[in-house]
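Chemist: Next up, coords19.json (JSON, N, CA and C atoms).
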[["chain", "number", "residue", "atom", "x", "y", "z"],
["A", 284, "MET", "N", -5.01, 170.75, -96.60],
["A", 284, "MET", "CA", -4.07, 171.05, -95.54],
["A", 284, "MET", "C", -4.58, 170.41, -94.24],
["A", 285, "ILE", "N", -3.69, 169.78, -93.52],
["A", 285, "ILE", "CA", -4.03, 169.16, -92.24],
["A", 285, "ILE", "C", -3.57, 170.11, -91.14],
["A", 286, "ASP", "N", -4.53, 170.63, -90.38],
["A", 286, "ASP", "CA", -4.23, 171.63, -89.36],
["A", 286, "ASP", "C", -3.98, 171.04, -87.98],
["A", 287, "HIS", "N", -4.21, 169.76, -87.80],
["A", 287, "HIS", "CA", -4.09, 169.14, -86.48],
["A", 287, "HIS", "C", -2.72, 168.50, -86.30],
["A", 288, "GLU", "N", -2.23, 168.56, -85.09],
["A", 288, "GLU", "CA", -0.97, 167.91, -84.77],
["A", 288, "GLU", "C", -1.26, 166.42, -84.51],
["A", 289, "PHE", "N", -0.52, 165.54, -85.12],
["A", 289, "PHE", "CA", -0.68, 164.08, -84.99],
["A", 289, "PHE", "C", -2.11, 163.64, -85.28],
["A", 290, "PRO", "N", -2.61, 163.87, -86.49],
["A", 290, "PRO", "CA", -3.99, 163.49, -86.81],
["A", 290, "PRO", "C", -4.15, 161.97, -86.90],
["A", 291, "VAL", "N", -5.38, 161.54, -86.78],
["A", 291, "VAL", "CA", -5.74, 160.15, -87.03],
["A", 291, "VAL", "C", -6.34, 160.14, -88.43],
["A", 292, "LEU", "N", -5.76, 159.35, -89.33],
["A", 292, "LEU", "CA", -6.25, 159.27, -90.70],
["A", 292, "LEU", "C", -6.96, 157.95, -90.90],
["A", 293, "LEU", "N", -8.04, 157.97, -91.65],
["A", 293, "LEU", "CA", -8.78, 156.78, -92.00],
["A", 293, "LEU", "C", -8.96, 156.79, -93.51],
["A", 294, "GLY", "N", -8.60, 155.70, -94.15],
["A", 294, "GLY", "CA", -8.75, 155.62, -95.59],
["A", 294, "GLY", "C", -9.39, 154.31, -96.02],
["A", 295, "VAL", "N", -10.34, 154.39, -96.93],
["A", 295, "VAL", "CA", -11.01, 153.22, -97.46],
["A", 295, "VAL", "C", -10.58, 153.04, -98.91],
["A", 296, "SER", "N", -10.18, 151.83, -99.27],
["A", 296, "SER", "CA", -9.77, 151.48, -100.63],
["A", 296, "SER", "C", -8.62, 152.38, -101.08],
["A", 297, "PHE", "N", -8.83, 153.14, -102.16],
["A", 297, "PHE", "CA", -7.77, 154.02, -102.66],
["A", 297, "PHE", "C", -7.41, 155.08, -101.63],
["A", 298, "GLY", "N", -8.38, 155.48, -100.80],
["A", 298, "GLY", "CA", -8.13, 156.43, -99.74],
["A", 298, "GLY", "C", -7.11, 155.91, -98.74],
["A", 299, "GLY", "N", -7.06, 154.59, -98.55],
["A", 299, "GLY", "CA", -6.05, 154.00, -97.69],
["A", 299, "GLY", "C", -4.65, 154.20, -98.25],
["A", 300, "MET", "N", -4.53, 154.06, -99.55],
["A", 300, "MET", "CA", -3.24, 154.28, -100.21],
["A", 300, "MET", "C", -2.82, 155.75, -100.09],
["A", 301, "ILE", "N", -3.79, 156.63, -100.24],
["A", 301, "ILE", "CA", -3.50, 158.06, -100.09],
["A", 301, "ILE", "C", -3.08, 158.35, -98.65],
["A", 302, "GLY", "N", -3.76, 157.71, -97.68],
["A", 302, "GLY", "CA", -3.40, 157.88, -96.28],
["A", 302, "GLY", "C", -1.96, 157.46, -96.01],
["A", 303, "ILE", "N", -1.52, 156.39, -96.63],
["A", 303, "ILE", "CA", -0.13, 155.94, -96.48],
["A", 303, "ILE", "C", 0.83, 157.01, -96.96],
["A", 304, "GLU", "N", 0.53, 157.59, -98.11],
["A", 304, "GLU", "CA", 1.40, 158.64, -98.66],
["A", 304, "GLU", "C", 1.40, 159.88, -97.78],
["A", 305, "ILE", "N", 0.24, 160.26, -97.24],
["A", 305, "ILE", "CA", 0.17, 161.42, -96.34],
["A", 305, "ILE", "C", 0.99, 161.15, -95.09],
["A", 306, "ALA", "N", 0.89, 159.92, -94.56],
["A", 306, "ALA", "CA", 1.61, 159.56, -93.33],
["A", 306, "ALA", "C", 3.13, 159.58, -93.54],
["A", 307, "ARG", "N", 3.57, 159.52, -94.77],
["A", 307, "ARG", "CA", 5.01, 159.65, -95.05],
["A", 307, "ARG", "C", 5.47, 161.10, -94.94],
["A", 308, "ILE", "N", 4.52, 162.02, -95.07],
["A", 308, "ILE", "CA", 4.84, 163.45, -95.05],
["A", 308, "ILE", "C", 4.52, 164.08, -93.70],
["A", 309, "VAL", "N", 3.39, 163.68, -93.12],
["A", 309, "VAL", "CA", 2.90, 164.27, -91.88],
["A", 309, "VAL", "C", 2.94, 163.19, -90.79],
["A", 310, "GLU", "N", 3.45, 163.53, -89.63],
["A", 310, "GLU", "CA", 3.46, 162.57, -88.53],
["A", 310, "GLU", "C", 2.03, 162.39, -88.02],
["A", 311, "VAL", "N", 1.56, 161.15, -88.01],
["A", 311, "VAL", "CA", 0.18, 160.87, -87.60],
["A", 311, "VAL", "C", 0.17, 160.05, -86.32],
["A", 312, "GLU", "N", -0.93, 160.17, -85.56],
["A", 312, "GLU", "CA", -1.09, 159.34, -84.38],
["A", 312, "GLU", "C", -1.43, 157.91, -84.80],
["A", 313, "LYS", "N", -2.38, 157.80, -85.74],
["A", 313, "LYS", "CA", -2.80, 156.50, -86.25],
["A", 313, "LYS", "C", -3.16, 156.63, -87.71],
["A", 314, "LEU", "N", -2.97, 155.53, -88.42],
["A", 314, "LEU", "CA", -3.44, 155.42, -89.80],
["A", 314, "LEU", "C", -4.29, 154.17, -89.86],
["A", 315, "ILE", "N", -5.57, 154.34, -90.14],
["A", 315, "ILE", "CA", -6.50, 153.22, -90.21],
["A", 315, "ILE", "C", -6.81, 152.97, -91.69],
["A", 316, "ILE", "N", -6.50, 151.76, -92.14],
["A", 316, "ILE", "CA", -6.70, 151.40, -93.54],
["A", 316, "ILE", "C", -7.79, 150.33, -93.61],
["A", 317, "ILE", "N", -8.82, 150.61, -94.39],
["A", 317, "ILE", "CA", -9.94, 149.67, -94.54],
["A", 317, "ILE", "C", -10.05, 149.26, -96.00],
["A", 318, "SER", "N", -10.10, 147.95, -96.22],
["A", 318, "SER", "CA", -10.31, 147.40, -97.55],
["A", 318, "SER", "C", -9.36, 148.01, -98.58],
["A", 319, "SER", "N", -8.08, 147.95, -98.27],
["A", 319, "SER", "CA", -7.08, 148.55, -99.13],
["A", 319, "SER", "C", -5.83, 147.69, -99.11],
["A", 320, "ALA", "N", -4.87, 148.08, -99.93],
["A", 320, "ALA", "CA", -3.58, 147.39, -99.98],
["A", 320, "ALA", "C", -2.53, 148.30, -99.36],
["A", 321, "LYS", "N", -1.67, 147.70, -98.53],
["A", 321, "LYS", "CA", -0.60, 148.49, -97.91],
["A", 321, "LYS", "C", 0.58, 148.66, -98.86],
["A", 322, "SER", "N", 0.69, 147.75, -99.83],
["A", 322, "SER", "CA", 1.79, 147.83, -100.80],
["A", 322, "SER", "C", 1.34, 147.18, -102.10],
["A", 323, "ALA", "N", 2.13, 147.35, -103.15],
["A", 323, "ALA", "CA", 1.80, 146.76, -104.46],
["A", 323, "ALA", "C", 1.73, 145.24, -104.38],
["A", 324, "ASN", "N", 2.46, 144.65, -103.44],
["A", 324, "ASN", "CA", 2.43, 143.19, -103.31],
["A", 324, "ASN", "C", 1.06, 142.65, -102.89],
["A", 325, "GLU", "N", 0.25, 143.48, -102.28],
["A", 325, "GLU", "CA", -1.07, 143.07, -101.84],
["A", 325, "GLU", "C", -2.16, 143.28, -102.89],
["A", 326, "LEU", "N", -1.82, 143.92, -104.00],
["A", 326, "LEU", "CA", -2.79, 144.12, -105.06],
["A", 326, "LEU", "C", -3.10, 142.79, -105.72],
["A", 327, "PRO", "N", -4.32, 142.63, -106.24],
["A", 327, "PRO", "CA", -4.64, 141.39, -106.96],
["A", 327, "PRO", "C", -3.70, 141.22, -108.16],
["A", 328, "GLN", "N", -3.46, 139.97, -108.52],
["A", 328, "GLN", "CA", -2.52, 139.68, -109.60],
["A", 328, "GLN", "C", -2.92, 140.38, -110.90],
["A", 329, "TRP", "N", -4.22, 140.44, -111.21],
["A", 329, "TRP", "CA", -4.63, 141.06, -112.47],
["A", 329, "TRP", "C", -4.25, 142.54, -112.48],
["A", 330, "MET", "N", -4.29, 143.22, -111.32],
["A", 330, "MET", "CA", -3.90, 144.63, -111.28],
["A", 330, "MET", "C", -2.40, 144.79, -111.49],
["A", 331, "ARG", "N", -1.61, 143.89, -110.89],
["A", 331, "ARG", "CA", -0.16, 143.97, -111.06],
["A", 331, "ARG", "C", 0.22, 143.72, -112.52],
["A", 332, "ILE", "N", -0.45, 142.78, -113.17],
["A", 332, "ILE", "CA", -0.17, 142.49, -114.58],
["A", 332, "ILE", "C", -0.55, 143.69, -115.45],
["A", 333, "MET", "N", -1.74, 144.25, -115.18],
["A", 333, "MET", "CA", -2.18, 145.43, -115.95],
["A", 333, "MET", "C", -1.16, 146.55, -115.83],
["A", 334, "GLY", "N", -0.66, 146.80, -114.62],
["A", 334, "GLY", "CA", 0.30, 147.87, -114.40],
["A", 334, "GLY", "C", 1.65, 147.58, -115.03],
["A", 335, "LYS", "N", 2.10, 146.33, -114.92],
["A", 335, "LYS", "CA", 3.42, 145.97, -115.45],
["A", 335, "LYS", "C", 3.50, 146.16, -116.96],
["A", 336, "PHE", "N", 2.43, 145.81, -117.65],
["A", 336, "PHE", "CA", 2.42, 145.90, -119.11],
["A", 336, "PHE", "C", 1.65, 147.12, -119.62],
["A", 337, "TYR", "N", 1.29, 148.04, -118.71],
["A", 337, "TYR", "CA", 0.58, 149.28, -119.06],
["A", 337, "TYR", "C", -0.73, 149.00, -119.79],
["A", 338, "LEU", "N", -1.35, 147.87, -119.49],
["A", 338, "LEU", "CA", -2.60, 147.52, -120.16],
["A", 338, "LEU", "C", -3.75, 148.44, -119.77],
["A", 339, "HIS", "N", -3.65, 149.06, -118.60],
["A", 339, "HIS", "CA", -4.69, 149.99, -118.17],
["A", 339, "HIS", "C", -4.78, 151.20, -119.09],
["A", 340, "LYS", "N", -3.76, 151.43, -119.90],
["A", 340, "LYS", "CA", -3.77, 152.56, -120.83],
["A", 340, "LYS", "C", -4.48, 152.22, -122.14],
["A", 341, "VAL", "N", -4.59, 150.91, -122.45],
["A", 341, "VAL", "CA", -5.19, 150.52, -123.72],
["A", 341, "VAL", "C", -6.51, 149.78, -123.56],
["A", 342, "LEU", "N", -6.74, 149.19, -122.39],
["A", 342, "LEU", "CA", -7.99, 148.46, -122.15],
["A", 342, "LEU", "C", -8.94, 149.34, -121.36],
["A", 343, "PRO", "N", -10.24, 149.14, -121.55],
["A", 343, "PRO", "CA", -11.21, 149.97, -120.81],
["A", 343, "PRO", "C", -11.14, 149.70, -119.32],
["A", 344, "THR", "N", -11.22, 150.76, -118.52],
["A", 344, "THR", "CA", -11.23, 150.61, -117.08],
["A", 344, "THR", "C", -12.64, 150.79, -116.53],
["A", 345, "ARG", "N", -13.53, 151.29, -117.32],
["A", 345, "ARG", "CA", -14.91, 151.43, -116.87],
["A", 345, "ARG", "C", -15.72, 150.22, -117.29],
["A", 346, "SER", "N", -16.86, 150.06, -116.72],
["A", 346, "SER", "CA", -17.72, 148.91, -117.01],
["A", 346, "SER", "C", -18.55, 149.19, -118.26],
["A", 347, "TYR", "N", -18.41, 148.32, -119.21],
["A", 347, "TYR", "CA", -19.22, 148.37, -120.43],
["A", 347, "TYR", "C", -20.08, 147.12, -120.46],
["A", 348, "LYS", "N", -21.14, 147.15, -121.26],
["A", 348, "LYS", "CA", -22.03, 145.99, -121.35],
["A", 348, "LYS", "C", -21.24, 144.72, -121.67],
["A", 349, "PHE", "N", -20.28, 144.81, -122.59],
["A", 349, "PHE", "CA", -19.54, 143.61, -122.99],
["A", 349, "PHE", "C", -18.50, 143.16, -121.95],
["A", 350, "THR", "N", -18.22, 144.00, -120.96],
["A", 350, "THR", "CA", -17.26, 143.59, -119.93],
["A", 350, "THR", "C", -17.93, 143.28, -118.59],
["A", 351, "GLU", "N", -19.25, 143.38, -118.55],
["A", 351, "GLU", "CA", -19.95, 143.22, -117.26],
["A", 351, "GLU", "C", -19.72, 141.84, -116.64],
["A", 352, "LYS", "N", -19.72, 140.77, -117.43],
["A", 352, "LYS", "CA", -19.50, 139.43, -116.85],
["A", 352, "LYS", "C", -18.12, 139.34, -116.22],
["A", 353, "PHE", "N", -17.11, 139.87, -116.90],
["A", 353, "PHE", "CA", -15.76, 139.89, -116.34],
["A", 353, "PHE", "C", -15.71, 140.75, -115.09],
["A", 354, "ASP", "N", -16.32, 141.94, -115.18],
["A", 354, "ASP", "CA", -16.34, 142.85, -114.03],
["A", 354, "ASP", "C", -17.05, 142.21, -112.83],
["A", 355, "ASN", "N", -18.17, 141.53, -113.09],
["A", 355, "ASN", "CA", -18.90, 140.87, -112.01],
["A", 355, "ASN", "C", -18.04, 139.80, -111.35],
["A", 356, "ASN", "N", -17.32, 139.04, -112.15],
["A", 356, "ASN", "CA", -16.43, 138.01, -111.62],
["A", 356, "ASN", "C", -15.33, 138.65, -110.77],
["A", 357, "ARG", "N", -14.75, 139.71, -111.29],
["A", 357, "ARG", "CA", -13.68, 140.42, -110.59],
["A", 357, "ARG", "C", -14.16, 140.99, -109.26],
["A", 358, "LEU", "N", -15.42, 141.43, -109.21],
["A", 358, "LEU", "CA", -15.99, 141.99, -107.98],
["A", 358, "LEU", "C", -16.42, 140.90, -107.00],
["A", 359, "GLY", "N", -16.43, 139.66, -107.45],
["A", 359, "GLY", "CA", -16.80, 138.55, -106.56],
["A", 359, "GLY", "C", -18.29, 138.38, -106.37],
["A", 360, "ILE", "N", -19.08, 138.78, -107.35],
["A", 360, "ILE", "CA", -20.53, 138.65, -107.26],
["A", 360, "ILE", "C", -20.90, 137.18, -107.31],
["A", 361, "THR", "N", -21.70, 136.74, -106.32],
["A", 361, "THR", "CA", -22.04, 135.33, -106.24],
["A", 361, "THR", "C", -23.53, 135.03, -106.30],
["A", 362, "ASN", "N", -24.37, 136.08, -106.24],
["A", 362, "ASN", "CA", -25.82, 135.82, -106.28],
["A", 362, "ASN", "C", -26.56, 136.99, -106.93],
["A", 363, "GLU", "N", -27.84, 136.78, -107.14],
["A", 363, "GLU", "CA", -28.67, 137.78, -107.82],
["A", 363, "GLU", "C", -28.81, 139.08, -107.02],
["A", 364, "LYS", "N", -28.83, 138.97, -105.70],
["A", 364, "LYS", "CA", -28.97, 140.17, -104.86],
["A", 364, "LYS", "C", -27.75, 141.08, -105.04],
["A", 365, "GLU", "N", -26.55, 140.49, -105.01],
["A", 365, "GLU", "CA", -25.33, 141.28, -105.22],
["A", 365, "GLU", "C", -25.31, 141.88, -106.61],
["A", 366, "LEU", "N", -25.74, 141.12, -107.60],
["A", 366, "LEU", "CA", -25.79, 141.61, -108.98],
["A", 366, "LEU", "C", -26.74, 142.80, -109.10],
["A", 367, "ALA", "N", -27.88, 142.72, -108.41],
["A", 367, "ALA", "CA", -28.85, 143.82, -108.45],
["A", 367, "ALA", "C", -28.25, 145.10, -107.86],
["A", 368, "VAL", "N", -27.48, 144.97, -106.77],
["A", 368, "VAL", "CA", -26.85, 146.13, -106.14],
["A", 368, "VAL", "C", -25.84, 146.77, -107.10],
["A", 369, "VAL", "N", -25.00, 145.94, -107.71],
["A", 369, "VAL", "CA", -23.98, 146.44, -108.63],
["A", 369, "VAL", "C", -24.64, 147.11, -109.84],
["A", 370, "ASN", "N", -25.66, 146.49, -110.39],
["A", 370, "ASN", "CA", -26.34, 147.08, -111.55],
["A", 370, "ASN", "C", -27.01, 148.40, -111.18],
["A", 371, "SER", "N", -27.51, 148.49, -109.95],
["A", 371, "SER", "CA", -28.11, 149.75, -109.49],
["A", 371, "SER", "C", -27.07, 150.87, -109.48],
["A", 372, "TYR", "N", -25.87, 150.57, -108.98],
["A", 372, "TYR", "CA", -24.79, 151.57, -108.97],
["A", 372, "TYR", "C", -24.37, 151.93, -110.38],
["A", 373, "ARG", "N", -24.31, 150.93, -111.26],
["A", 373, "ARG", "CA", -23.91, 151.22, -112.65],
["A", 373, "ARG", "C", -24.86, 152.21, -113.30],
["A", 374, "LYS", "N", -26.14, 152.09, -113.01],
["A", 374, "LYS", "CA", -27.13, 152.98, -113.62],
["A", 374, "LYS", "C", -27.07, 154.39, -113.06],
["A", 375, "LYS", "N", -26.68, 154.52, -111.77],
["A", 375, "LYS", "CA", -26.70, 155.83, -111.10],
["A", 375, "LYS", "C", -25.42, 156.62, -111.25],
["A", 376, "LEU", "N", -24.30, 155.94, -111.46],
["A", 376, "LEU", "CA", -23.02, 156.66, -111.51],
["A", 376, "LEU", "C", -22.92, 157.56, -112.74],
["A", 377, "GLU", "N", -22.31, 158.68, -112.52],
["A", 377, "GLU", "CA", -22.06, 159.58, -113.64],
["A", 377, "GLU", "C", -20.89, 159.02, -114.46],
["A", 378, "PRO", "N", -20.95, 159.13, -115.79],
["A", 378, "PRO", "CA", -19.92, 158.52, -116.65],
["A", 378, "PRO", "C", -18.48, 158.90, -116.30],
["A", 379, "HIS", "N", -18.24, 160.13, -115.83],
["A", 379, "HIS", "CA", -16.87, 160.53, -115.55],
["A", 379, "HIS", "C", -16.33, 159.86, -114.28],
["A", 380, "LEU", "N", -17.17, 159.16, -113.52],
["A", 380, "LEU", "CA", -16.70, 158.47, -112.32],
["A", 380, "LEU", "C", -16.23, 157.05, -112.59],
["A", 381, "PHE", "N", -16.44, 156.57, -113.80],
["A", 381, "PHE", "CA", -16.01, 155.20, -114.13],
["A", 381, "PHE", "C", -14.52, 155.15, -114.27]]
Please render this file's structure as structure tokens.

Modeler:
Amino acid sequence: MIDHEFPVLLGVSFGGMIGIEIARIVEVEKLIIISSAKSANELPQWMRIMGKFYLHKVLPTRSYKFTEKFDNNRLGITNEKELAVVNSYRKKLEPHLF
């Protein structure tokens, strides 16, 4: 529940999309969206294709050893330092968060 009149909302990634939906219901002073898409047209093509053909229901959405190269490419990893950071997160995340 939002108790403030005309709140300022800030959303990062999926939180930005949620902020858009909240702003449709509650009048906000500002909506700040960081690293997110304002509409489906701004989603990467692979996400739009997955959604159009419901592939997200049959293909794995979490990172598996056999999908890591694809996942790394999708994340835009370009060097060993970035790869080390991503692998560190993969090891620490709880399985239900994938």

Chemist: Could you check how far atom CA of A:Met333 sits from atom CA of A:Ile317, in Å to one decimal?

Modeler: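 These two atoms are separated by 23.2 Å.
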
Chemist: Quick one: of A:Arg331, A:Arg307, A:His339, A:Arg373, who's nearest to A:Glu351, counting only C-alpha atoms?

Modeler: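 Smallest separation from A:Glu351 among the options: A:Arg373.
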
Chemist: Interatomic distance between atom N of A:Val309 and atom C of A:Pro290?

Modeler: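 Going from atom N of A:Val309 over to atom C of A:Pro290, I get 9.9 Å.
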
Chemist: Mind checking which residues fall within 8 Å of A:Val311, counting all atoms listed in the file, ignoring those fewer than 4 positions away in the same chain, and posting them as a list of chain:residue names?

Modeler: A:Glu288, A:Phe289, A:Pro290, A:Val291, A:Leu292, A:Ile305, A:Ala306, A:Arg307

Chemist: Let me see the file: selected residues, N, CA and C atoms, as an mmCIF file, in the frame of the given file.

Modeler:
data_model
loop_
_atom_site.group_PDB
_atom_site.id
_atom_site.type_symbol
_atom_site.label_atom_id
_atom_site.label_comp_id
_atom_site.auth_asym_id
_atom_site.auth_seq_id
_atom_site.Cartn_x
_atom_site.Cartn_y
_atom_site.Cartn_z
ATOM 1 N N GLU A 288 -2.230 168.560 -85.090
ATOM 2 C CA GLU A 288 -0.970 167.910 -84.770
ATOM 3 C C GLU A 288 -1.260 166.420 -84.510
ATOM 4 N N PHE A 289 -0.520 165.540 -85.120
ATOM 5 C CA PHE A 289 -0.680 164.080 -84.990
ATOM 6 C C PHE A 289 -2.110 163.640 -85.280
ATOM 7 N N PRO A 290 -2.610 163.870 -86.490
ATOM 8 C CA PRO A 290 -3.990 163.490 -86.810
ATOM 9 C C PRO A 290 -4.150 161.970 -86.900
ATOM 10 N N VAL A 291 -5.380 161.540 -86.780
ATOM 11 C CA VAL A 291 -5.740 160.150 -87.030
ATOM 12 C C VAL A 291 -6.340 160.140 -88.430
ATOM 13 N N LEU A 292 -5.760 159.350 -89.330
ATOM 14 C CA LEU A 292 -6.250 159.270 -90.700
ATOM 15 C C LEU A 292 -6.960 157.950 -90.900
ATOM 16 N N ILE A 305 0.240 160.260 -97.240
ATOM 17 C CA ILE A 305 0.170 161.420 -96.340
ATOM 18 C C ILE A 305 0.990 161.150 -95.090
ATOM 19 N N ALA A 306 0.890 159.920 -94.560
ATOM 20 C CA ALA A 306 1.610 159.560 -93.330
ATOM 21 C C ALA A 306 3.130 159.580 -93.540
ATOM 22 N N ARG A 307 3.570 159.520 -94.770
ATOM 23 C CA ARG A 307 5.010 159.650 -95.050
ATOM 24 C C ARG A 307 5.470 161.100 -94.940
#

Chemist: Find the residues around A:Val295 up to 8 Å (all atoms listed in the file counted), leave out those fewer than 4 positions away in its own chain, and share them as a list of chain:residue names.

Modeler: A:Gly299, A:Met300, A:Ile301, A:Gly302, A:Ile315, A:Ile316, A:Ile317, A:Ser318, A:Ser319, A:Ala320

Chemist: Can you measure atom CA of A:Glu312 to atom CA of A:Glu325 for me? One decimal in Å is fine.

Modeler: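 So the answer is 23.9 Å.
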
Chemist: Output as a PyMOL selection string all residues of stretch 287-379 of chain A that backbone DSSP marks as strand (DSSP E or B).

Modeler: chain A and resi 291-295+313-317

Chemist: Mind giving me the axis-aligned box for stretch 311-330 of chain A with 8 Å on every side, centre plus edges in Å to one decimal, as AutoDock Vina command-line options?

Modeler:
--center_x -3.9 --center_y 150.4 --center_z -98.4 --size_x 28.8 --size_y 37.5 --size_z 44.1

Chemist: Would you mind writing down, as a PyMOL selection string, each residue of chain A that DSSP on the backbone assigns to alpha helix (DSSP H)?

Modeler: chain A and resi 297-308+328-335+351-358+363-375

Chemist: Selecting C-alpha atoms, how would stretch 354-370 of chain A from this structure be written as a PDB file, in the first residue's frame?

Modeler:
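Result file is decode35.pdb:
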ATOM      1  CA  ASP A 354      23.531 -16.715 -21.313  1.00  0.00           C
ATOM      2  CA  ASN A 355      26.934 -14.991 -21.250  1.00  0.00           C
ATOM      3  CA  ASN A 356      26.415 -13.761 -24.810  1.00  0.00           C
ATOM      4  CA  ARG A 357      22.916 -12.544 -23.967  1.00  0.00           C
ATOM      5  CA  LEU A 358      24.279 -10.654 -20.938  1.00  0.00           C
ATOM      6  CA  GLY A 359      26.923  -8.987 -23.109  1.00  0.00           C
ATOM      7  CA  ILE A 360      29.941 -10.393 -21.281  1.00  0.00           C
ATOM      8  CA  THR A 361      33.079  -9.263 -23.092  1.00  0.00           C
ATOM      9  CA  ASN A 362      35.994 -10.100 -20.783  1.00  0.00           C
ATOM     10  CA  GLU A 363      37.199 -12.402 -18.027  1.00  0.00           C
ATOM     11  CA  LYS A 364      36.464  -9.889 -15.251  1.00  0.00           C
ATOM     12  CA  GLU A 365      32.783  -9.675 -16.224  1.00  0.00           C
ATOM     13  CA  LEU A 366      32.629 -13.465 -16.519  1.00  0.00           C
ATOM     14  CA  ALA A 367      34.077 -13.822 -13.007  1.00  0.00           C
ATOM     15  CA  VAL A 368      31.392 -11.489 -11.593  1.00  0.00           C
ATOM     16  CA  VAL A 369      28.570 -13.403 -13.310  1.00  0.00           C
ATOM     17  CA  ASN A 370      29.937 -16.773 -12.203  1.00  0.00           C
TER      18      ASN A 370
END
